[in-house]
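Pasted below: protein.csv, CSV, C-alpha atoms and all ligand atoms.
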```csv
chain,number,residue,atom,x,y,z
U,1,MET,CA,43.8,66.9,73.0
U,2,MET,CA,47.4,67.7,72.1
U,3,ILE,CA,47.0,71.3,73.2
U,4,ARG,CA,45.6,70.2,76.5
U,5,ARG,CA,48.4,67.7,77.1
U,6,HIS,CA,51.0,70.4,76.3
U,7,ALA,CA,49.3,72.8,78.7
U,8,ILE,CA,49.4,70.2,81.5
U,9,ALA,CA,53.0,69.4,80.8
U,10,PHE,CA,53.8,73.1,80.8
U,11,ALA,CA,52.1,73.7,84.1
U,12,ALA,CA,53.9,70.7,85.6
U,13,ALA,CA,57.2,72.0,84.4
U,14,LEU,CA,56.4,75.4,85.9
U,15,ALA,CA,55.6,73.8,89.2
U,16,VAL,CA,58.9,72.0,89.2
U,17,LEU,CA,60.7,75.2,88.4
U,18,PHE,CA,59.1,77.2,91.2
U,19,ALA,CA,59.6,74.4,93.7
U,20,THR,CA,63.3,74.2,93.1
U,21,ALA,CA,64.2,77.8,92.4
U,22,PRO,CA,65.5,79.6,95.5
U,23,ALA,CA,63.3,82.1,97.2
U,24,PRO,CA,63.7,85.5,95.5
U,25,ALA,CA,66.6,87.3,97.0
U,26,GLN,CA,65.5,90.0,99.4
U,27,GLU,CA,66.3,93.3,97.9
U,28,LYS,CA,69.2,94.9,99.6
U,29,VAL,CA,68.9,98.4,101.2
U,30,ARG,CA,71.1,100.7,99.2
U,31,VAL,CA,73.3,102.8,101.4
U,32,LEU,CA,75.7,105.5,100.3
U,33,ALA,CA,78.3,106.7,102.7
U,34,THR,CA,80.4,109.7,101.9
U,35,PHE,CA,83.8,108.1,102.7
U,36,SER,CA,85.5,104.8,103.4
U,37,ILE,CA,85.5,104.8,107.2
U,38,LEU,CA,81.8,105.4,107.3
U,39,GLY,CA,81.3,102.8,104.7
U,40,ASP,CA,83.0,100.2,106.9
U,41,PHE,CA,80.8,101.1,109.9
U,42,VAL,CA,77.7,100.7,107.7
U,43,LYS,CA,79.0,97.3,106.5
U,44,ASN,CA,79.4,96.1,110.0
U,45,VAL,CA,75.9,97.2,111.1
U,46,GLY,CA,74.1,96.4,107.9
U,47,GLY,CA,75.6,93.0,107.2
U,48,ASP,CA,74.1,91.2,104.2
U,49,ARG,CA,70.9,93.2,104.2
U,50,VAL,CA,72.6,96.3,102.8
U,51,GLU,CA,74.6,97.2,99.8
U,52,VAL,CA,77.1,99.9,100.7
U,53,SER,CA,79.0,102.2,98.4
U,54,THR,CA,81.1,105.2,99.1
U,55,LEU,CA,81.6,108.5,97.3
U,56,VAL,CA,85.3,109.1,98.4
U,57,GLY,CA,87.2,105.8,98.0
U,58,PRO,CA,90.2,104.3,99.8
U,59,ASN,CA,93.3,106.5,100.3
U,60,SER,CA,91.4,109.6,99.0
U,61,ASP,CA,91.0,112.9,100.7
U,62,ALA,CA,87.4,113.8,101.5
U,63,HIS,CA,88.2,117.4,102.5
U,64,VAL,CA,88.9,118.4,98.9
U,65,TYR,CA,86.8,115.9,97.0
U,66,SER,CA,85.0,117.3,93.9
U,67,PRO,CA,81.9,115.2,93.1
U,68,ALA,CA,81.4,113.9,89.6
U,69,PRO,CA,78.1,114.3,87.8
U,70,ALA,CA,77.4,110.5,88.3
U,71,ASP,CA,77.6,111.1,92.1
U,72,ALA,CA,74.3,113.0,92.0
U,73,LYS,CA,72.6,109.9,90.5
U,74,ARG,CA,74.2,107.7,93.2
U,75,VAL,CA,72.8,110.0,95.9
U,76,ALA,CA,69.4,109.9,94.3
U,77,ALA,CA,69.4,106.1,94.0
U,78,ALA,CA,70.4,105.5,97.6
U,79,LYS,CA,67.7,104.7,100.2
U,80,VAL,CA,70.0,106.0,103.0
U,81,VAL,CA,72.8,108.5,102.7
U,82,ILE,CA,75.3,108.7,105.6
U,83,THR,CA,77.6,111.7,106.1
U,84,ASN,CA,80.2,112.5,108.8
U,85,GLY,CA,79.1,116.1,109.2
U,86,LEU,CA,81.1,118.6,111.4
U,87,GLY,CA,82.1,120.4,108.1
U,88,PHE,CA,84.0,117.4,106.8
U,89,GLU,CA,82.2,117.1,103.5
U,90,GLY,CA,81.9,120.8,102.5
U,91,TRP,CA,80.8,119.7,99.0
U,92,MET,CA,77.9,117.5,100.2
U,93,ALA,CA,75.1,120.1,100.5
U,94,ARG,CA,75.4,121.1,96.8
U,95,LEU,CA,75.5,117.4,95.8
U,96,VAL,CA,72.4,116.6,97.7
U,97,LYS,CA,70.6,119.5,96.2
U,98,ALA,CA,71.7,118.5,92.7
U,99,SER,CA,70.6,115.0,93.2
U,100,GLY,CA,67.0,116.0,93.9
U,101,THR,CA,66.8,113.3,96.6
U,102,LYS,CA,64.0,113.8,99.2
U,103,ALA,CA,65.8,111.7,101.8
U,104,SER,CA,67.8,113.9,104.1
U,105,PRO,CA,71.3,112.6,104.8
U,106,VAL,CA,72.0,111.0,108.2
U,107,VAL,CA,74.7,112.7,110.2
U,108,ALA,CA,76.7,110.0,111.8
U,109,THR,CA,78.4,112.3,114.3
U,110,LYS,CA,75.1,113.4,115.8
U,111,GLY,CA,75.5,113.6,119.6
U,112,ILE,CA,79.3,113.8,119.6
U,113,LYS,CA,80.8,116.8,121.3
U,114,PRO,CA,82.6,118.6,118.5
U,115,ARG,CA,86.2,119.6,119.2
U,116,LYS,CA,87.1,123.2,118.3
U,117,GLN,CA,90.5,123.8,117.0
U,118,GLN,CA,92.0,127.2,117.1
U,119,ASP,CA,93.9,127.7,113.9
U,120,ALA,CA,97.6,127.2,114.3
U,121,HIS,CA,98.6,130.5,112.7
U,122,GLY,CA,98.7,132.3,116.0
U,123,HIS,CA,99.3,135.8,114.7
U,124,ALA,CA,97.2,138.2,116.9
U,125,GLY,CA,93.8,139.2,115.6
U,126,HIS,CA,93.9,136.5,112.8
U,127,SER,CA,93.1,133.3,114.6
U,128,HIS,CA,89.6,131.7,114.4
U,129,ASP,CA,88.0,128.6,115.6
U,130,SER,CA,87.3,125.7,113.3
U,131,THR,CA,85.4,122.6,114.0
U,132,ASP,CA,87.5,119.4,113.9
U,133,PRO,CA,85.6,116.8,111.8
U,134,HIS,CA,87.8,113.8,112.6
U,135,ALA,CA,85.7,112.5,115.4
U,136,TRP,CA,86.2,108.8,114.4
U,137,GLN,CA,89.8,108.9,115.7
U,138,SER,CA,88.4,108.2,119.2
U,139,VAL,CA,86.9,104.7,119.5
U,140,ALA,CA,84.4,106.0,122.0
U,141,ASN,CA,83.1,108.3,119.3
U,142,ALA,CA,83.1,105.4,116.8
U,143,LYS,CA,80.5,103.8,119.0
U,144,ILE,CA,78.3,106.8,118.6
U,145,TYR,CA,78.6,106.6,114.8
U,146,VAL,CA,77.5,103.0,115.1
U,147,ALA,CA,74.5,103.9,117.2
U,148,ASN,CA,73.4,106.6,114.7
U,149,ILE,CA,73.9,104.2,111.7
U,150,LEU,CA,71.9,101.5,113.5
U,151,ALA,CA,69.0,103.9,114.1
U,152,ALA,CA,69.1,105.0,110.4
U,153,LEU,CA,69.1,101.5,109.1
U,154,ILE,CA,66.2,100.4,111.3
U,155,ALA,CA,64.2,103.5,110.2
U,156,ALA,CA,64.8,102.6,106.5
U,157,ASP,CA,64.3,98.8,106.9
U,158,PRO,CA,62.2,98.0,110.0
U,159,ALA,CA,62.1,94.3,109.1
U,160,GLY,CA,65.8,94.1,109.7
U,161,LYS,CA,65.7,95.5,113.2
U,162,ALA,CA,66.7,92.3,115.0
U,163,ALA,CA,69.5,91.6,112.5
U,164,TYR,CA,70.9,95.1,112.7
U,165,GLU,CA,70.8,95.1,116.5
U,166,ALA,CA,72.7,91.8,116.7
U,167,ASN,CA,75.3,93.1,114.2
U,168,ALA,CA,75.8,96.3,116.1
U,169,LYS,CA,76.1,94.5,119.4
U,170,ALA,CA,78.8,92.2,118.1
U,171,TYR,CA,80.7,95.1,116.5
U,172,LEU,CA,80.4,97.3,119.6
U,173,ALA,CA,82.0,94.6,121.6
U,174,LYS,CA,85.0,94.6,119.1
U,175,LEU,CA,85.2,98.3,119.5
U,176,ASP,CA,85.4,98.0,123.3
U,177,ALA,CA,88.2,95.6,123.0
U,178,LEU,CA,90.0,97.9,120.5
U,179,ASP,CA,89.6,100.9,122.9
U,180,LYS,CA,91.2,98.8,125.7
U,181,ASP,CA,94.1,97.8,123.5
U,182,VAL,CA,94.8,101.4,122.4
U,183,ARG,CA,94.9,102.5,126.1
U,184,GLU,CA,97.3,99.7,127.0
U,185,ALA,CA,99.6,100.5,124.1
U,186,VAL,CA,99.7,104.2,124.9
U,187,ALA,CA,100.3,103.4,128.6
U,188,ALA,CA,103.5,101.5,127.6
U,189,ILE,CA,104.9,104.6,125.9
U,190,PRO,CA,107.0,106.8,128.2
U,191,LYS,CA,105.0,110.0,129.1
U,192,ASP,CA,107.7,112.4,127.9
U,193,ARG,CA,107.7,110.8,124.4
U,194,ARG,CA,104.0,110.9,123.7
U,195,ARG,CA,104.3,113.7,121.1
U,196,ILE,CA,104.5,113.5,117.3
U,197,ILE,CA,104.1,115.6,114.2
U,198,THR,CA,101.7,114.8,111.4
U,199,SER,CA,100.8,116.8,108.2
U,200,HIS,CA,97.3,117.9,109.0
U,201,ASP,CA,95.5,118.2,112.3
U,202,ALA,CA,93.5,114.9,112.1
U,203,PHE,CA,94.2,113.4,115.5
U,204,GLY,CA,92.7,115.8,118.0
U,205,TYR,CA,90.1,113.4,119.1
U,206,PHE,CA,92.7,110.7,119.5
U,207,GLN,CA,94.8,113.0,121.5
U,208,ALA,CA,91.9,114.0,123.8
U,209,ALA,CA,90.9,110.3,124.3
U,210,TYR,CA,94.3,108.7,124.6
U,211,GLY,CA,96.9,111.3,125.5
U,212,ILE,CA,99.4,111.4,122.7
U,213,GLU,CA,100.0,114.9,121.5
U,214,PHE,CA,99.8,115.5,117.8
U,215,ILE,CA,101.3,118.7,116.3
U,216,ALA,CA,100.5,119.6,112.7
U,217,PRO,CA,101.6,122.4,110.4
U,218,GLN,CA,98.3,122.2,108.5
U,219,GLY,CA,94.9,122.8,110.2
U,220,VAL,CA,91.9,120.5,110.5
U,221,SER,CA,91.3,120.6,106.8
U,222,THR,CA,93.7,119.9,103.9
U,223,GLU,CA,92.1,122.7,101.9
U,224,SER,CA,94.8,125.3,102.6
U,225,GLU,CA,98.5,124.9,102.5
U,226,PRO,CA,100.5,125.7,105.7
U,227,SER,CA,102.3,129.0,105.6
U,228,ALA,CA,106.1,129.3,105.7
U,229,GLN,CA,105.7,130.7,109.3
U,230,ASP,CA,103.7,127.6,110.3
U,231,VAL,CA,106.4,125.3,109.0
U,232,ALA,CA,109.2,127.3,110.6
U,233,ARG,CA,107.3,127.3,114.0
U,234,ILE,CA,106.9,123.5,113.8
U,235,ILE,CA,110.6,123.1,113.0
U,236,ARG,CA,111.5,125.2,116.0
U,237,GLN,CA,109.1,123.2,118.2
U,238,ILE,CA,110.6,119.9,117.1
U,239,LYS,CA,114.1,121.0,118.0
U,240,GLN,CA,113.2,122.7,121.3
U,241,GLN,CA,110.9,119.8,122.6
U,242,LYS,CA,113.0,117.0,121.0
U,243,ILE,CA,110.0,115.5,119.4
U,244,PRO,CA,111.1,112.0,118.4
U,245,ALA,CA,109.1,111.3,115.3
U,246,VAL,CA,107.2,112.7,112.4
U,247,PHE,CA,104.5,110.8,110.5
U,248,LEU,CA,103.2,110.7,106.9
U,249,GLU,CA,99.5,110.3,106.2
U,250,ASN,CA,97.8,108.3,103.5
U,251,VAL,CA,95.7,111.3,102.3
U,252,THR,CA,98.3,114.1,102.3
U,253,ASP,CA,101.4,115.0,100.2
U,254,PRO,CA,104.5,113.4,101.9
U,255,ARG,CA,106.9,116.1,100.8
U,256,LEU,CA,106.2,118.6,103.6
U,257,ILE,CA,106.8,116.0,106.3
U,258,GLN,CA,109.9,114.7,104.6
U,259,ARG,CA,111.3,118.2,104.5
U,260,ILE,CA,110.6,118.8,108.2
U,261,ALA,CA,112.3,115.5,109.0
U,262,ALA,CA,115.4,116.5,107.0
U,263,GLU,CA,115.6,119.9,108.6
U,264,THR,CA,115.2,118.7,112.2
U,265,GLY,CA,116.7,115.2,112.3
U,266,ALA,CA,113.4,113.8,113.6
U,267,ARG,CA,112.8,110.4,112.2
U,268,VAL,CA,109.9,109.5,109.9
U,269,GLY,CA,108.0,107.1,112.0
U,270,GLY,CA,105.9,105.7,109.2
U,271,GLN,CA,102.5,106.4,107.7
U,272,LEU,CA,99.3,106.9,109.7
U,273,TYR,CA,95.8,106.5,108.3
U,274,SER,CA,93.9,109.6,109.2
U,275,ASP,CA,90.9,110.2,106.9
U,276,ALA,CA,90.6,107.2,104.7
U,277,LEU,CA,91.0,103.4,104.8
U,278,THR,CA,93.2,101.5,102.3
U,279,ASP,CA,91.9,99.1,99.8
U,280,GLU,CA,91.7,95.4,100.6
U,281,LYS,CA,95.4,94.8,100.0
U,282,GLY,CA,96.6,97.7,102.2
U,283,ALA,CA,97.3,97.8,105.9
U,284,ALA,CA,94.0,99.3,106.9
U,285,PRO,CA,91.1,98.0,104.9
U,286,THR,CA,88.8,98.4,108.0
U,287,TYR,CA,88.4,100.9,110.8
U,288,ILE,CA,89.6,98.4,113.4
U,289,ASP,CA,92.7,97.6,111.2
U,290,MET,CA,93.3,101.4,110.8
U,291,ILE,CA,93.3,102.1,114.5
U,292,ARG,CA,95.5,99.0,115.2
U,293,HIS,CA,98.0,100.0,112.5
U,294,ASN,CA,98.2,103.6,113.7
U,295,VAL,CA,98.8,102.6,117.3
U,296,LYS,CA,101.4,100.0,116.3
U,297,GLN,CA,103.3,102.6,114.4
U,298,LEU,CA,103.1,105.1,117.2
U,299,ALA,CA,104.3,102.5,119.8
U,300,ALA,CA,107.2,101.5,117.6
U,301,ALA,CA,108.4,105.1,117.0
U,302,LEU,CA,107.8,106.4,120.5
U,303,GLY,CA,108.2,103.3,122.7
U,304,THR,CA,112.0,103.3,123.1
U,305,SER,CA,114.5,106.1,123.0
F,401,ZN,ZN,91.4,115.4,107.7
```
Just dump the structure as structure tokens.
Ligand SMILES: [Zn+2]
Amino acid sequence: MMIRRHAIAFAAALAVLFATAPAPAQEKVRVLATFSILGDFVKNVGGDRVEVSTLVGPNSDAHVYSPAPADAKRVAAAKVVITNGLGFEGWMARLVKASGTKASPVVATKGIKPRKQQDAHGHAGHSHDSTDPHAWQSVANAKIYVANILAALIAADPAGKAAYEANAKAYLAKLDALDKDVREAVAAIPKDRRRIITSHDAFGYFQAAYGIEFIAPQGVSTESEPSAQDVARIIRQIKQQKIPAVFLENVTDPRLIQRIAAETGARVGGQLYSDALTDEKGAAPTYIDMIRHNVKQLAAALGTS
């Protein structure tokens, strides 16, 4: 009798427990993005159905990243792996191989027309074309990243299709507004002042989309140092063309730009965010913040003589 009564009480307690416990949380889709800007795109499309992490964190340079052994485990554990492609993450193929993952990484720049940059060296017989990976610097391209990420998330989690589509739609509308604001800000800068210097050639897509010319002593990657001739050429160009401002970047060594500023009298216009976001406390914790910050800096340095 006692046992039976206990059993009934226990069953009743269980019933109460299950009735009041929240529905089991839906397991989030684990997405690994190679760097912070991609991670932000994934967050915006994935919303609360995904858990996003990045290999290369805020204010870090993905060109020269060297993966840690733990990164292979993170790649293996992710359901979706998102890369920029266009040669940005030269270390990624080896990492994917080491991880043993069967999922092939999604290339977020698929469908974007790559910009070819001829190396700045300029000595005859020595120049070669490199692909510019910084496609995100044009907001129109960012919309293609979003479309590719949307397709990848739906493929990995078909039940989330409607949610992902709604998130993407809302985010794309914000990107459209951003693109319009960038155009308006650039239009307000006098045409003959739309020219600046940065450390590495990260703004070619921005230049093509919005018409500010960026000149850099270092090429489309930060892997190699600029030569003395490259730096001397830039210094001559700044003086001849009266280029008003030089800019630092959050992922490159500031000393080169500081030296160029000192030798030419060009003013340091501030810091641009090229290849990485900042952390939450910084000026550019999201892609939209990053573009707005950069444009504000450019407008302030170039807007008035
Ligand atoms: Zn770069």
May I ask you to write as a PyMOL selection string all residues lying at most 12 Å from ligand ZN 401 (chain F), with all atoms listed in the file counted? chain U and resi 35+59-65+84+86-89+131-137+198-205+216+218-224+249-252+272-276
Computed gap from atom CA of Lys281 of chain U to atom CA of Ile197 of chain U is 26.6 Å
Any idea what's packed within 8 Å of segment 181-188 of chain U, counting only C-alpha atoms, ignoring anything in its chain fewer than 5 positions away? Could you give it as a compact mmCIF listing (two decimals) with C-alpha atoms, keeping the file's coordinate frame?
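Generated output (part04.txt):
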```txt
# COMPACT_ATOMS: atom_id res chain seq x y z
CA TYR U 210 94.30 108.70 124.60
CA GLY U 211 96.90 111.30 125.50
CA ILE U 212 99.40 111.40 122.70
CA ARG U 292 95.50 99.00 115.20
CA VAL U 295 98.80 102.60 117.30
CA ALA U 299 104.30 102.50 119.80
CA GLY U 303 108.20 103.30 122.70
```
To one decimal place in Å, what is the distance between atom CA of Leu153 of chain U and atom CA of Gly39 of chain U?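 Distance reported for this atom pair: 13.0 Å.
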Separation of atom CA of Thr83 of chain U from atom CA of Lys161 of chain U in Å: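 Distance between the two atoms: 21.3 Å.
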Residues at most 12 Å from Gln237 of chain U, counting only C-alpha atoms, excluding those fewer than 2 positions away in the same chain, as JSON, numbers by chain? {"U": [195, 196, 197, 215, 216, 217, 230, 231, 232, 233, 234, 235, 239, 240, 241, 242, 243, 244, 260, 264, 266]}
Name all residues at most 8 Å from segment 285-290 of chain U (count all atoms listed in the file; drop same-chain ones fewer than 4 positions away) and give them as a VMD selection string. chain U and resid 37 40 to 41 175 178 273 277 to 281 294
